[in-house]
$ cat target-v3.csv   # CSV, C-alpha atoms
chain,number,residue,atom,x,y,z
O,1426,MET,CA,21.2,-100.6,-34.6
O,1427,LEU,CA,23.4,-102.5,-32.1
O,1428,LEU,CA,23.4,-101.8,-28.4
O,1429,GLU,CA,26.3,-103.2,-26.5
O,1430,ALA,CA,25.2,-104.2,-23.0
O,1431,LYS,CA,28.0,-102.8,-20.9
O,1432,HIS,CA,26.1,-102.8,-17.7
O,1433,LYS,CA,23.2,-104.6,-16.0
O,1434,PHE,CA,19.8,-102.9,-16.0
O,1435,ALA,CA,18.9,-104.3,-12.6
O,1436,LEU,CA,21.1,-102.2,-10.4
O,1437,SER,CA,21.8,-102.9,-6.8
O,1438,GLY,CA,19.0,-101.6,-4.6
O,1439,THR,CA,16.6,-101.0,-7.6
O,1440,PRO,CA,13.3,-102.9,-7.8
O,1441,ILE,CA,12.7,-105.1,-10.8
O,1442,GLU,CA,9.8,-103.0,-12.0
O,1443,ASN,CA,11.9,-99.8,-12.0
O,1444,SER,CA,14.6,-101.7,-14.0
O,1445,LEU,CA,12.0,-102.6,-16.6
O,1446,PHE,CA,11.0,-99.0,-16.9
O,1447,GLU,CA,14.7,-98.0,-17.4
O,1448,LEU,CA,14.8,-100.6,-20.1
O,1449,TYR,CA,11.7,-99.0,-21.7
O,1450,SER,CA,13.2,-95.5,-21.6
O,1451,LEU,CA,16.5,-96.8,-23.1
O,1452,PHE,CA,14.7,-98.5,-26.0
O,1453,ARG,CA,12.4,-95.5,-26.6
O,1454,PHE,CA,15.6,-93.6,-27.2
O,1455,ILE,CA,17.4,-96.0,-29.5
O,1456,ASN,CA,14.4,-97.5,-31.3
O,1457,ALA,CA,11.2,-95.5,-30.7
O,1458,GLY,CA,9.1,-97.9,-32.7
O,1459,LEU,CA,9.9,-101.0,-30.6
O,1460,PHE,CA,7.4,-100.2,-27.8
O,1461,SER,CA,4.3,-98.0,-27.8
O,1462,THR,CA,3.3,-96.0,-24.7
O,1463,LEU,CA,4.6,-96.4,-21.2
O,1464,ALA,CA,1.1,-97.5,-20.0
O,1465,ASP,CA,1.0,-100.2,-22.7
O,1466,PHE,CA,4.5,-101.4,-21.7
O,1467,LYS,CA,3.4,-101.6,-18.0
O,1468,ARG,CA,0.3,-103.5,-18.9
O,1469,ASP,CA,1.9,-105.9,-21.4
O,1470,TYR,CA,5.3,-106.5,-19.8
O,1471,ALA,CA,6.1,-104.8,-16.5
O,1472,THR,CA,3.1,-105.9,-14.5
O,1473,PRO,CA,3.0,-109.6,-15.7
O,1474,ILE,CA,6.7,-110.0,-15.1
O,1475,GLN,CA,7.1,-108.1,-11.8
O,1476,ALA,CA,3.9,-108.8,-10.1
O,1477,GLU,CA,2.9,-112.2,-11.6
O,1478,ALA,CA,6.4,-113.7,-12.4
O,1479,ASN,CA,5.0,-114.6,-15.8
O,1480,GLU,CA,7.8,-116.5,-17.5
O,1481,ASN,CA,6.1,-116.6,-20.9
O,1482,VAL,CA,5.8,-112.8,-21.1
O,1483,ALA,CA,9.4,-112.5,-19.9
O,1484,LYS,CA,10.5,-114.7,-22.8
O,1485,ILE,CA,8.5,-112.7,-25.3
O,1486,LEU,CA,10.2,-109.5,-24.0
O,1487,LYS,CA,13.6,-111.1,-24.1
O,1488,ALA,CA,13.1,-112.2,-27.7
O,1489,LYS,CA,12.0,-108.7,-28.7
O,1490,ILE,CA,15.0,-106.9,-27.3
O,1491,SER,CA,17.7,-109.6,-27.9
O,1492,PRO,CA,18.6,-108.3,-31.5
O,1493,PHE,CA,19.7,-105.1,-29.9
O,1494,LEU,CA,21.9,-106.6,-27.1
O,1495,LEU,CA,25.4,-107.8,-27.2
O,1496,ARG,CA,26.7,-109.4,-24.0
O,1497,ARG,CA,30.4,-110.2,-23.6
O,1498,LEU,CA,31.3,-112.6,-20.9
O,1499,LYS,CA,34.8,-112.8,-19.4
O,1500,LYS,CA,35.0,-116.5,-20.3
O,1501,ASP,CA,34.4,-115.7,-24.0
O,1502,VAL,CA,37.0,-112.8,-24.3
O,1503,LEU,CA,39.7,-114.0,-22.0
O,1504,LYS,CA,40.4,-117.5,-23.2
O,1505,ASP,CA,43.7,-117.8,-21.4
O,1506,LEU,CA,42.4,-116.8,-18.0
O,1507,PRO,CA,42.9,-119.6,-15.4
O,1508,ALA,CA,39.9,-121.3,-13.9
O,1509,LYS,CA,38.0,-119.9,-10.9
O,1510,GLN,CA,36.5,-122.3,-8.3
O,1511,GLU,CA,33.8,-120.9,-6.0
O,1512,GLN,CA,32.6,-122.6,-2.8
O,1513,ILE,CA,30.2,-121.7,0.0
O,1514,ILE,CA,31.7,-122.5,3.4
O,1515,TYR,CA,29.0,-123.1,6.1
O,1516,VAL,CA,30.2,-122.3,9.6
O,1517,ASP,CA,28.6,-123.8,12.7
O,1518,MET,CA,28.3,-121.5,15.7
O,1519,ASP,CA,29.5,-122.7,19.1
O,1520,GLU,CA,26.9,-122.8,21.9
O,1521,SER,CA,27.6,-119.3,23.3
O,1522,HIS,CA,27.6,-117.8,19.8
O,1523,LYS,CA,24.3,-119.6,18.9
O,1524,LYS,CA,22.6,-118.6,22.2
O,1525,PHE,CA,23.6,-114.9,21.8
O,1526,TYR,CA,22.4,-114.9,18.1
O,1527,ASN,CA,19.1,-116.5,18.9
O,1528,GLN,CA,18.4,-114.1,21.8
O,1529,LYS,CA,19.0,-111.1,19.5
O,1530,ARG,CA,17.0,-112.6,16.7
O,1531,ASP,CA,13.9,-113.2,18.9
O,1532,TYR,CA,14.2,-109.6,20.3
O,1533,TYR,CA,14.3,-108.1,16.8
O,1534,LYS,CA,11.5,-110.3,15.6
O,1535,GLN,CA,9.2,-109.1,18.4
O,1536,MET,CA,10.2,-105.5,18.0
O,1537,LEU,CA,9.6,-105.5,14.2
O,1538,ASP,CA,6.3,-107.3,14.5
O,1539,GLN,CA,5.1,-104.5,16.8
O,1540,GLN,CA,6.5,-101.8,14.5
O,1541,ILE,CA,5.0,-103.2,11.3
O,1542,SER,CA,1.6,-103.8,12.9
O,1543,LEU,CA,1.5,-100.1,13.8
O,1544,ASN,CA,3.1,-98.5,10.8
O,1545,GLY,CA,3.3,-101.1,8.0
O,1546,ILE,CA,6.3,-102.6,6.3
O,1547,ASP,CA,7.1,-99.6,4.0
O,1548,LYS,CA,7.4,-97.2,7.0
O,1549,SER,CA,9.4,-99.7,9.0
O,1550,LYS,CA,12.2,-100.2,6.5
O,1551,PHE,CA,14.8,-98.2,8.4
O,1552,MET,CA,14.3,-100.3,11.5
O,1553,ILE,CA,14.2,-103.5,9.4
O,1554,LEU,CA,17.6,-102.6,7.9
O,1555,GLN,CA,19.0,-101.7,11.3
O,1556,ALA,CA,17.9,-105.1,12.7
O,1557,PHE,CA,19.3,-107.0,9.7
O,1558,ASN,CA,22.6,-105.2,9.9
O,1559,ASP,CA,22.9,-106.0,13.7
O,1560,LEU,CA,22.0,-109.7,13.1
O,1561,ARG,CA,24.5,-109.9,10.2
O,1562,GLN,CA,27.3,-108.5,12.5
O,1563,ILE,CA,26.3,-111.0,15.3
O,1564,ALA,CA,26.4,-113.8,12.8
O,1565,SER,CA,29.9,-113.0,11.7
O,1566,ALA,CA,31.5,-111.1,14.6
O,1567,PRO,CA,29.4,-111.3,17.8
O,1568,GLU,CA,32.2,-109.5,19.7
O,1569,LEU,CA,31.0,-106.3,18.1
O,1570,LYS,CA,27.6,-106.5,19.9
O,1571,SER,CA,28.5,-108.3,23.0
O,1572,GLU,CA,31.4,-106.2,24.3
O,1573,GLU,CA,33.7,-109.0,23.2
O,1574,ALA,CA,32.0,-111.5,25.6
O,1575,VAL,CA,31.1,-113.8,22.7
O,1576,VAL,CA,33.8,-115.1,20.3
O,1577,SER,CA,33.2,-115.4,16.6
O,1578,SER,CA,33.0,-118.9,15.3
O,1579,LYS,CA,33.5,-117.7,11.8
O,1580,ILE,CA,36.8,-115.9,12.5
O,1581,GLU,CA,38.1,-119.2,14.1
O,1582,SER,CA,37.1,-121.1,11.0
O,1583,LEU,CA,38.7,-118.5,8.7
O,1584,PHE,CA,42.1,-118.8,10.4
O,1585,GLU,CA,41.9,-122.6,10.4
O,1586,MET,CA,41.6,-122.5,6.6
O,1587,LEU,CA,44.3,-119.8,6.3
O,1588,GLU,CA,46.8,-121.8,8.2
O,1589,ASP,CA,47.4,-124.3,5.3
O,1590,ILE,CA,46.9,-121.6,2.6
O,1591,VAL,CA,49.6,-119.3,4.1
O,1592,LEU,CA,51.9,-122.2,4.9
O,1593,ASN,CA,51.8,-123.2,1.2
O,1594,ASN,CA,52.9,-119.6,0.3
O,1595,HIS,CA,49.7,-118.4,-1.2
O,1596,LYS,CA,48.4,-114.9,-1.0
O,1597,VAL,CA,44.9,-114.1,0.1
O,1598,LEU,CA,42.2,-111.4,-0.2
O,1599,ILE,CA,39.7,-111.1,2.6
O,1600,PHE,CA,36.6,-108.9,2.0
O,1601,ALA,CA,34.2,-107.9,4.8
O,1602,ASN,CA,31.4,-105.4,4.9
O,1603,PHE,CA,31.8,-104.2,8.5
O,1604,LEU,CA,34.9,-102.3,9.7
O,1605,GLY,CA,34.6,-104.0,13.0
O,1606,SER,CA,35.0,-107.4,11.4
O,1607,LEU,CA,38.1,-106.3,9.6
O,1608,ASP,CA,39.6,-105.0,12.9
O,1609,LEU,CA,38.9,-108.4,14.6
O,1610,ILE,CA,40.5,-110.3,11.7
O,1611,SER,CA,43.5,-107.9,11.7
O,1612,GLN,CA,43.9,-108.5,15.5
O,1613,LYS,CA,43.8,-112.2,15.0
O,1614,ALA,CA,46.3,-112.0,12.2
O,1615,ASN,CA,48.7,-110.0,14.4
O,1616,GLU,CA,48.4,-112.6,17.2
O,1617,LEU,CA,49.4,-115.3,14.7
O,1618,GLY,CA,52.2,-113.3,13.2
O,1619,TYR,CA,50.6,-113.0,9.7
O,1620,GLU,CA,51.9,-109.9,7.9
O,1621,HIS,CA,48.9,-108.2,6.3
O,1622,LEU,CA,47.6,-104.9,4.8
O,1623,LEU,CA,44.3,-103.2,5.6
O,1624,MET,CA,42.3,-101.0,3.2
O,1625,THR,CA,39.0,-99.1,4.1
O,1626,GLY,CA,37.1,-96.2,2.8
O,1627,SER,CA,39.4,-93.8,4.7
O,1628,THR,CA,42.6,-95.2,3.1
O,1629,ARG,CA,44.3,-92.6,0.9
O,1630,ASN,CA,47.4,-94.5,-0.3
O,1631,ARG,CA,45.6,-97.3,-2.0
O,1632,GLN,CA,47.9,-97.8,-4.9
O,1633,GLU,CA,50.8,-97.9,-2.6
O,1634,LEU,CA,49.2,-100.7,-0.6
O,1635,VAL,CA,48.3,-102.6,-3.8
O,1636,ASP,CA,51.9,-102.3,-5.1
O,1637,LYS,CA,53.2,-103.5,-1.7
O,1638,PHE,CA,50.9,-106.5,-1.7
O,1639,GLN,CA,51.8,-107.4,-5.3
O,1640,ASN,CA,55.6,-107.2,-4.7
O,1641,ASP,CA,56.3,-108.0,-1.1
O,1642,LYS,CA,56.4,-111.8,-0.7
O,1643,ASP,CA,56.2,-111.6,3.1
O,1644,ILE,CA,52.7,-110.1,3.0
O,1645,LYS,CA,50.2,-112.9,2.6
O,1646,LEU,CA,46.9,-111.2,3.6
O,1647,PHE,CA,45.1,-108.2,2.2
O,1648,LEU,CA,42.0,-107.2,4.2
O,1649,MET,CA,39.5,-104.7,2.8
O,1650,THR,CA,35.9,-103.6,2.8
O,1651,LEU,CA,33.8,-105.1,0.0
O,1652,LYS,CA,32.9,-101.7,-1.5
O,1653,VAL,CA,36.4,-100.3,-1.4
O,1654,GLY,CA,38.0,-103.5,-2.9
O,1655,GLY,CA,35.3,-104.2,-5.4
O,1656,VAL,CA,36.5,-102.1,-8.3
O,1657,GLY,CA,39.6,-100.6,-9.8
O,1658,LEU,CA,42.3,-102.8,-8.1
O,1659,ASN,CA,44.6,-105.3,-9.7
O,1660,LEU,CA,45.6,-107.9,-7.1
O,1661,THR,CA,46.6,-110.9,-9.3
O,1662,GLU,CA,49.3,-112.1,-6.8
O,1663,ALA,CA,46.4,-113.5,-4.7
O,1664,ASP,CA,44.9,-116.7,-5.7
O,1665,TYR,CA,42.6,-117.2,-2.7
O,1666,VAL,CA,39.6,-114.9,-1.9
O,1667,PHE,CA,37.3,-115.0,1.1
O,1668,ILE,CA,34.0,-113.1,1.3
O,1669,PHE,CA,33.8,-113.0,5.1
O,1670,ASP,CA,30.3,-111.6,5.5
O,1671,PRO,CA,28.3,-111.6,2.3
O,1672,TRP,CA,26.5,-108.5,0.9
O,1673,TRP,CA,23.0,-108.2,-0.5
O,1674,ASN,CA,24.3,-107.6,-4.0
O,1675,LYS,CA,26.0,-110.6,-5.6
O,1676,SER,CA,27.6,-108.5,-8.3
O,1677,ALA,CA,29.6,-106.6,-5.7
O,1678,GLU,CA,31.0,-109.9,-4.4
O,1679,ASN,CA,31.8,-111.0,-8.0
O,1680,GLN,CA,33.6,-107.7,-8.6
O,1681,ALA,CA,35.6,-108.3,-5.5
O,1682,VAL,CA,36.7,-111.8,-6.6
O,1683,ASP,CA,37.6,-110.3,-10.0
O,1684,ARG,CA,40.3,-108.2,-8.3
O,1685,SER,CA,42.3,-111.5,-8.4
O,1686,HIS,CA,40.6,-113.3,-11.3
O,1687,ARG,CA,41.7,-111.1,-14.1
O,1688,MET,CA,44.4,-110.8,-16.8
O,1689,GLY,CA,47.8,-111.4,-15.2
O,1690,GLN,CA,46.6,-114.2,-12.9
O,1691,LYS,CA,48.6,-117.3,-13.5
O,1692,ASN,CA,46.9,-119.7,-11.0
O,1693,THR,CA,43.5,-121.1,-10.4
O,1694,VAL,CA,41.6,-118.7,-8.2
O,1695,PHE,CA,39.8,-120.3,-5.2
O,1696,SER,CA,36.9,-118.2,-3.9
O,1697,TYR,CA,35.1,-118.9,-0.6
O,1698,LYS,CA,31.9,-117.3,0.7
O,1699,MET,CA,31.5,-117.8,4.4
O,1700,ILE,CA,28.0,-118.3,5.7
O,1701,THR,CA,27.1,-118.9,9.4
O,1702,LYS,CA,24.6,-121.7,9.6
O,1703,GLY,CA,21.2,-121.0,11.3
O,1704,THR,CA,21.5,-117.2,10.8
O,1705,ILE,CA,20.2,-114.4,8.7
O,1706,GLU,CA,23.2,-115.0,6.3
O,1707,GLU,CA,21.9,-118.5,5.4
O,1708,LYS,CA,18.3,-117.1,4.9
O,1709,ILE,CA,19.4,-114.2,2.7
O,1710,LEU,CA,21.5,-116.5,0.6
O,1711,GLU,CA,18.5,-118.7,-0.1
O,1712,LEU,CA,16.1,-115.8,-0.7
O,1713,GLN,CA,18.7,-114.0,-2.9
O,1714,SER,CA,18.9,-117.1,-5.1
O,1715,GLN,CA,15.1,-117.3,-5.5
O,1716,LYS,CA,14.7,-113.6,-6.5
O,1717,GLN,CA,17.6,-113.9,-8.9
O,1718,ASP,CA,15.7,-116.4,-10.9
O,1719,MET,CA,13.0,-113.8,-11.6
O,1720,THR,CA,15.4,-111.1,-12.8
O,1721,ASP,CA,17.3,-113.6,-15.0
O,1722,MET,CA,14.1,-114.0,-17.1
O,1723,ILE,CA,15.1,-110.8,-18.9
O,1724,ILE,CA,18.7,-109.8,-18.5
O,1725,SER,CA,21.2,-111.2,-16.0
O,1726,GLY,CA,21.1,-108.9,-13.1
O,1727,GLU,CA,20.9,-108.6,-9.3
O,1728,ASP,CA,18.1,-108.7,-6.8
O,1729,GLY,CA,16.7,-105.5,-5.3
O,1730,GLY,CA,17.9,-106.3,-1.8
O,1731,LEU,CA,15.8,-104.8,1.0
O,1732,LYS,CA,13.5,-102.8,-1.3
O,1733,GLU,CA,11.9,-105.9,-2.7
O,1734,LEU,CA,11.3,-107.6,0.7
O,1735,SER,CA,7.7,-108.6,1.3
O,1736,SER,CA,6.1,-109.5,4.7
O,1737,ALA,CA,6.5,-113.1,3.8
O,1738,ASP,CA,10.3,-112.6,3.1
O,1739,LEU,CA,10.7,-110.9,6.5
O,1740,GLU,CA,8.9,-113.7,8.3
O,1741,TYR,CA,11.1,-116.2,6.5
O,1742,ILE,CA,14.3,-114.4,7.4
O,1743,LEU,CA,13.5,-113.9,11.1
O,1744,GLY,CA,11.4,-117.1,11.5
$ encode --input "target-v3.csv" --output "structure tokens"
Amino acid sequence: MLLEAKHKFALSGTPIENSLFELYSLFRFINAGLFSTLADFKRDYATPIQAEANENVAKILKAKISPFLLRRLKKDVLKDLPAKQEQIIYVDMDESHKKFYNQKRDYYKQMLDQQISLNGIDKSKFMILQAFNDLRQIASAPELKSEEAVVSSKIESLFEMLEDIVLNNHKVLIFANFLGSLDLISQKANELGYEHLLMTGSTRNRQELVDKFQNDKDIKLFLMTLKVGGVGLNLTEADYVFIFDPWWNKSAENQAVDRSHRMGQKNTVFSYKMITKGTIEEKILELQSQKQDMTDMIISGEDGGLKELSSADLEYILG
């Protein structure tokens, strides 16, 4: 029996152990004799892989399920698709931006230390997430948390790069997670005379905007939230993509880039992920890469984001 792997078992926001149990449930349905009881599966596979990062056990499990998996990669089935070049752009904060970020980071670190010492990390996740989101906004768009007293170093860097790109008649997709970031980018684009479109979760005429971007040569920029622009859109007129403020889930970023890098694209696609140096963005990028290695032992998937954070991870990110 052949199972075509059309999706990843490690879904965004799902811990690795839960993903392994989903794997167990699926194989109990398609081949009941492959594994015995759930307790045995947890003892023999889930615990060694999730709790102990046992690579040998992971390889054994991968070998056991591989005859039932068929993975199709885009590079294998779309031979004529142009190349995609990805690059991380590290942005230095100016002094005022850096000072403001460090003040807020120290404030949240002290607050979370007190909260966790009283209630533990599991009961503090809401406050941790709120602190992380605030720091992510400050890293990319400090205007949102400083009543516009501090100017974003990242927006300045973005438009420095866009100047040559637009001048050479390329079209660009810009993805951000925060609506406030998109508003600031839109304001800057207006100041510089760049015609652009904006799509958010409240946008109703999405296909109309897509058609306009694809067909109107004067519109060079398309700004959208990562979640809205991540699926279901064909934007092959763009050959430059910017991830302005990265998301926890790398597959969401990949899906956003694939709005341009798909059938119908005639040019090499240049994708840039913008990371503000010395901030939570840089720490999450490194931590995300480390955790990705563990999920890749079984099936290529995504990290569990906040739900998999340990006290050591938290200390590393805010340290």
$ closest_residue --input "target-v3.csv" --among "O:Leu1537, O:Val1694, O:Ile1709, O:Leu1451" --to "Asp1664 (chain O)" --atoms "only C-alpha atoms"
O:Val1694
$ atom_distance --input "target-v3.csv" --atom1 "CA of Leu1560 (chain O)" --atom2 "CA of Glu1581 (chain O)"
18.7 Å
$ closest_residue --input "target-v3.csv" --among "O:Lys1675, O:Lys1702, O:Lys1637, O:Arg1530" --to "Ser1578 (chain O)" --atoms "only C-alpha atoms"
O:Lys1702
$ closest_residue --input "target-v3.csv" --among "O:Asn1615, O:Ser1627, O:Asn1602, O:Ser1714" --to "Asn1558 (chain O)" --atoms "all atoms listed in the file"
O:Asn1602
$ atom_distance --input "target-v3.csv" --atom1 "CA of Ala1476 (chain O)" --atom2 "CA of Thr1704 (chain O)"
28.6 Å
$ build_atoms --input "target-v3.csv" --residues "region 1687-1718 of chain O" --atoms "N, CA and C atoms" --output "PDB file, in the frame of the given file"
ATOM      1  N   ARG O1687      41.679-112.015 -13.010  1.00  0.00           N
ATOM      2  CA  ARG O1687      41.700-111.100 -14.100  1.00  0.00           C
ATOM      3  C   ARG O1687      43.041-111.317 -14.887  1.00  0.00           C
ATOM      4  N   MET O1688      43.205-110.605 -15.991  1.00  0.00           N
ATOM      5  CA  MET O1688      44.400-110.800 -16.800  1.00  0.00           C
ATOM      6  C   MET O1688      45.657-110.511 -15.922  1.00  0.00           C
ATOM      7  N   GLY O1689      46.608-111.407 -16.025  1.00  0.00           N
ATOM      8  CA  GLY O1689      47.800-111.400 -15.200  1.00  0.00           C
ATOM      9  C   GLY O1689      47.820-112.455 -14.153  1.00  0.00           C
ATOM     10  N   GLN O1690      46.658-113.045 -13.887  1.00  0.00           N
ATOM     11  CA  GLN O1690      46.600-114.200 -12.900  1.00  0.00           C
ATOM     12  C   GLN O1690      47.113-115.421 -13.608  1.00  0.00           C
ATOM     13  N   LYS O1691      47.999-116.115 -12.916  1.00  0.00           N
ATOM     14  CA  LYS O1691      48.600-117.300 -13.500  1.00  0.00           C
ATOM     15  C   LYS O1691      48.083-118.601 -12.850  1.00  0.00           C
ATOM     16  N   ASN O1692      47.383-118.489 -11.746  1.00  0.00           N
ATOM     17  CA  ASN O1692      46.900-119.700 -11.000  1.00  0.00           C
ATOM     18  C   ASN O1692      45.410-119.753 -10.973  1.00  0.00           C
ATOM     19  N   THR O1693      44.910-120.924 -10.700  1.00  0.00           N
ATOM     20  CA  THR O1693      43.500-121.100 -10.400  1.00  0.00           C
ATOM     21  C   THR O1693      43.122-120.263  -9.206  1.00  0.00           C
ATOM     22  N   VAL O1694      42.024-119.543  -9.275  1.00  0.00           N
ATOM     23  CA  VAL O1694      41.600-118.700  -8.200  1.00  0.00           C
ATOM     24  C   VAL O1694      40.513-119.493  -7.371  1.00  0.00           C
ATOM     25  N   PHE O1695      40.705-119.581  -6.061  1.00  0.00           N
ATOM     26  CA  PHE O1695      39.800-120.300  -5.200  1.00  0.00           C
ATOM     27  C   PHE O1695      39.017-119.198  -4.372  1.00  0.00           C
ATOM     28  N   SER O1696      37.712-119.168  -4.553  1.00  0.00           N
ATOM     29  CA  SER O1696      36.900-118.200  -3.900  1.00  0.00           C
ATOM     30  C   SER O1696      35.943-118.837  -2.906  1.00  0.00           C
ATOM     31  N   TYR O1697      35.922-118.321  -1.672  1.00  0.00           N
ATOM     32  CA  TYR O1697      35.100-118.900  -0.600  1.00  0.00           C
ATOM     33  C   TYR O1697      34.165-117.830  -0.040  1.00  0.00           C
ATOM     34  N   LYS O1698      32.885-118.127  -0.023  1.00  0.00           N
ATOM     35  CA  LYS O1698      31.900-117.300   0.700  1.00  0.00           C
ATOM     36  C   LYS O1698      31.548-117.943   1.971  1.00  0.00           C
ATOM     37  N   MET O1699      31.764-117.245   3.084  1.00  0.00           N
ATOM     38  CA  MET O1699      31.500-117.800   4.400  1.00  0.00           C
ATOM     39  C   MET O1699      30.149-117.481   4.922  1.00  0.00           C
ATOM     40  N   ILE O1700      29.385-118.507   5.263  1.00  0.00           N
ATOM     41  CA  ILE O1700      28.000-118.300   5.700  1.00  0.00           C
ATOM     42  C   ILE O1700      27.850-119.024   7.071  1.00  0.00           C
ATOM     43  N   THR O1701      27.381-118.283   8.069  1.00  0.00           N
ATOM     44  CA  THR O1701      27.100-118.900   9.400  1.00  0.00           C
ATOM     45  C   THR O1701      25.787-119.575   9.369  1.00  0.00           C
ATOM     46  N   LYS O1702      25.792-120.868   9.650  1.00  0.00           N
ATOM     47  CA  LYS O1702      24.600-121.700   9.600  1.00  0.00           C
ATOM     48  C   LYS O1702      23.582-121.232  10.675  1.00  0.00           C
ATOM     49  N   GLY O1703      22.279-121.327  10.299  1.00  0.00           N
ATOM     50  CA  GLY O1703      21.200-121.000  11.300  1.00  0.00           C
ATOM     51  C   GLY O1703      21.070-119.542  11.540  1.00  0.00           C
ATOM     52  N   THR O1704      21.566-118.674  10.623  1.00  0.00           N
ATOM     53  CA  THR O1704      21.500-117.200  10.800  1.00  0.00           C
ATOM     54  C   THR O1704      20.870-116.536   9.633  1.00  0.00           C
ATOM     55  N   ILE O1705      20.762-115.237   9.749  1.00  0.00           N
ATOM     56  CA  ILE O1705      20.200-114.400   8.700  1.00  0.00           C
ATOM     57  C   ILE O1705      21.053-114.569   7.398  1.00  0.00           C
ATOM     58  N   GLU O1706      22.334-114.870   7.521  1.00  0.00           N
ATOM     59  CA  GLU O1706      23.200-115.000   6.300  1.00  0.00           C
ATOM     60  C   GLU O1706      22.677-116.187   5.472  1.00  0.00           C
ATOM     61  N   GLU O1707      22.335-117.293   6.090  1.00  0.00           N
ATOM     62  CA  GLU O1707      21.900-118.500   5.400  1.00  0.00           C
ATOM     63  C   GLU O1707      20.504-118.161   4.714  1.00  0.00           C
ATOM     64  N   LYS O1708      19.635-117.466   5.434  1.00  0.00           N
ATOM     65  CA  LYS O1708      18.300-117.100   4.900  1.00  0.00           C
ATOM     66  C   LYS O1708      18.403-116.187   3.715  1.00  0.00           C
ATOM     67  N   ILE O1709      19.248-115.169   3.828  1.00  0.00           N
ATOM     68  CA  ILE O1709      19.400-114.200   2.700  1.00  0.00           C
ATOM     69  C   ILE O1709      19.987-114.869   1.510  1.00  0.00           C
ATOM     70  N   LEU O1710      20.925-115.777   1.705  1.00  0.00           N
ATOM     71  CA  LEU O1710      21.500-116.500   0.600  1.00  0.00           C
ATOM     72  C   LEU O1710      20.459-117.259  -0.200  1.00  0.00           C
ATOM     73  N   GLU O1711      19.555-117.931   0.515  1.00  0.00           N
ATOM     74  CA  GLU O1711      18.500-118.700  -0.100  1.00  0.00           C
ATOM     75  C   GLU O1711      17.487-117.762  -0.815  1.00  0.00           C
ATOM     76  N   LEU O1712      17.105-116.700  -0.124  1.00  0.00           N
ATOM     77  CA  LEU O1712      16.100-115.800  -0.700  1.00  0.00           C
ATOM     78  C   LEU O1712      16.705-115.033  -1.880  1.00  0.00           C
ATOM     79  N   GLN O1713      17.968-114.679  -1.806  1.00  0.00           N
ATOM     80  CA  GLN O1713      18.700-114.000  -2.900  1.00  0.00           C
ATOM     81  C   GLN O1713      18.632-114.873  -4.155  1.00  0.00           C
ATOM     82  N   SER O1714      18.871-116.159  -3.995  1.00  0.00           N
ATOM     83  CA  SER O1714      18.900-117.100  -5.100  1.00  0.00           C
ATOM     84  C   SER O1714      17.492-117.178  -5.750  1.00  0.00           C
ATOM     85  N   GLN O1715      16.447-117.203  -4.931  1.00  0.00           N
ATOM     86  CA  GLN O1715      15.100-117.300  -5.500  1.00  0.00           C
ATOM     87  C   GLN O1715      14.727-116.043  -6.252  1.00  0.00           C
ATOM     88  N   LYS O1716      15.080-114.880  -5.757  1.00  0.00           N
ATOM     89  CA  LYS O1716      14.700-113.600  -6.500  1.00  0.00           C
ATOM     90  C   LYS O1716      15.573-113.461  -7.701  1.00  0.00           C
ATOM     91  N   GLN O1717      16.794-113.993  -7.684  1.00  0.00           N
ATOM     92  CA  GLN O1717      17.600-113.900  -8.900  1.00  0.00           C
ATOM     93  C   GLN O1717      17.025-114.582 -10.059  1.00  0.00           C
ATOM     94  N   ASP O1718      16.328-115.680  -9.819  1.00  0.00           N
ATOM     95  CA  ASP O1718      15.700-116.400 -10.900  1.00  0.00           C
ATOM     96  C   ASP O1718      14.734-115.515 -11.673  1.00  0.00           C
TER      97      ASP O1718
END
